[in-house]
Amino acid sequence: MERKEFIRSSCNACLLLAAGYLLPTVAGCVSGYSVFKTSVVNNLVTMPIAMFDKSTLQLVRPKGWLYDIAVEKRTDGSFAALLLQCTHQENQLKIQGNGFHCSLHGSEFDKNGNVTKGPAERPLQQYKTFVDKDQIIIQILKSPQ
Ligand code: FES
């Protein structure tokens, strides 16, 4: 292999490698949802209500957790919080259309956390929410394992 050919094939390999690293980052941006990172304090997660000014659905990731919580502002002004942990084998779920999708075995859940396609059989873990002035408070009675 000549030097020129070696350099060309090396560059192609580098481009493919870089694409492999960048693709998950780009895919994360495609959904259009940023993740609000916070902590659980006294079994409570707090987030500003102003976050819902632009979108009725937000993602929250408590520190140390492997899963996000999807928080949705409903049309009646209440909030629903669902743990995005697949109830089949605990894979992290992604937002898909009006619900959530598991990329491991294909389970799907509607926006209320009910199973719409198996193999998962149980609905998603739902957390109670409260509004206190300009904050939404999510009550975490049981953390994901
Ligand atoms: S872990 Fe989600 S469908 Fe199996």
# chains A, B, ... in the order shown; residues from 1 in each chain; ligands from 1

call {"tool": "residues_near_ligand", "arguments": {"ligand": "ligand 1", "cutoff": "12 Å", "atoms": "only C-alpha atoms and all ligand atoms", "output": "PyMOL selection string"}}
result
chain A and resi 84-94+100-109+115-124

call {"tool": "select_by_dssp", "arguments": {"residues": "range 17-108 of chain A", "states": "alpha helix (DSSP H)", "output": "VMD selection string"}}
result
chain A and resid 17 to 30

call {"tool": "closest_residue", "arguments": {"among": "A:Lys142, A:Asn114, A:Gln125, A:Gly99", "to": "Leu57 in chain A", "atoms": "only C-alpha atoms"}}
result
A:Gly99

call {"tool": "closest_atom_pairs", "arguments": {"of": "range 98-122 of chain A", "to": "range 67-79 of chain A", "cutoff": "12 Å", "atoms": "only C-alpha atoms", "output": "CSV"}}
result
residue,atom,partner,partner_atom,distance
A:Asn98,CA,A:Glu72,CA,11.2
A:Gly99,CA,A:Ala70,CA,10.2
A:Phe100,CA,A:Ala70,CA,9.6
A:Asp110,CA,A:Ala70,CA,12.0
A:Lys111,CA,A:Glu72,CA,8.5
A:Asn112,CA,A:Glu72,CA,9.5
A:Gly113,CA,A:Ala70,CA,10.0

call {"tool": "atom_distance", "arguments": {"atom1": "CA of Phe130 in chain A", "atom2": "CA of Trp65 in chain A"}}
result
21.3 Å

call {"tool": "atom_distance", "arguments": {"atom1": "CA of Ile138 in chain A", "atom2": "CA of Thr56 in chain A"}}
result
15.8 Å

call {"tool": "closest_residue", "arguments": {"among": "A:Val35, A:Val40, A:Leu141, A:Val45", "to": "Gln58 in chain A", "atoms": "only C-alpha atoms"}}
result
A:Val35

call {"tool": "closest_residue", "arguments": {"among": "A:Ile95, A:Val60, A:Met47, A:Leu82", "to": "Asp132 in chain A", "atoms": "only C-alpha atoms"}}
result
A:Met47
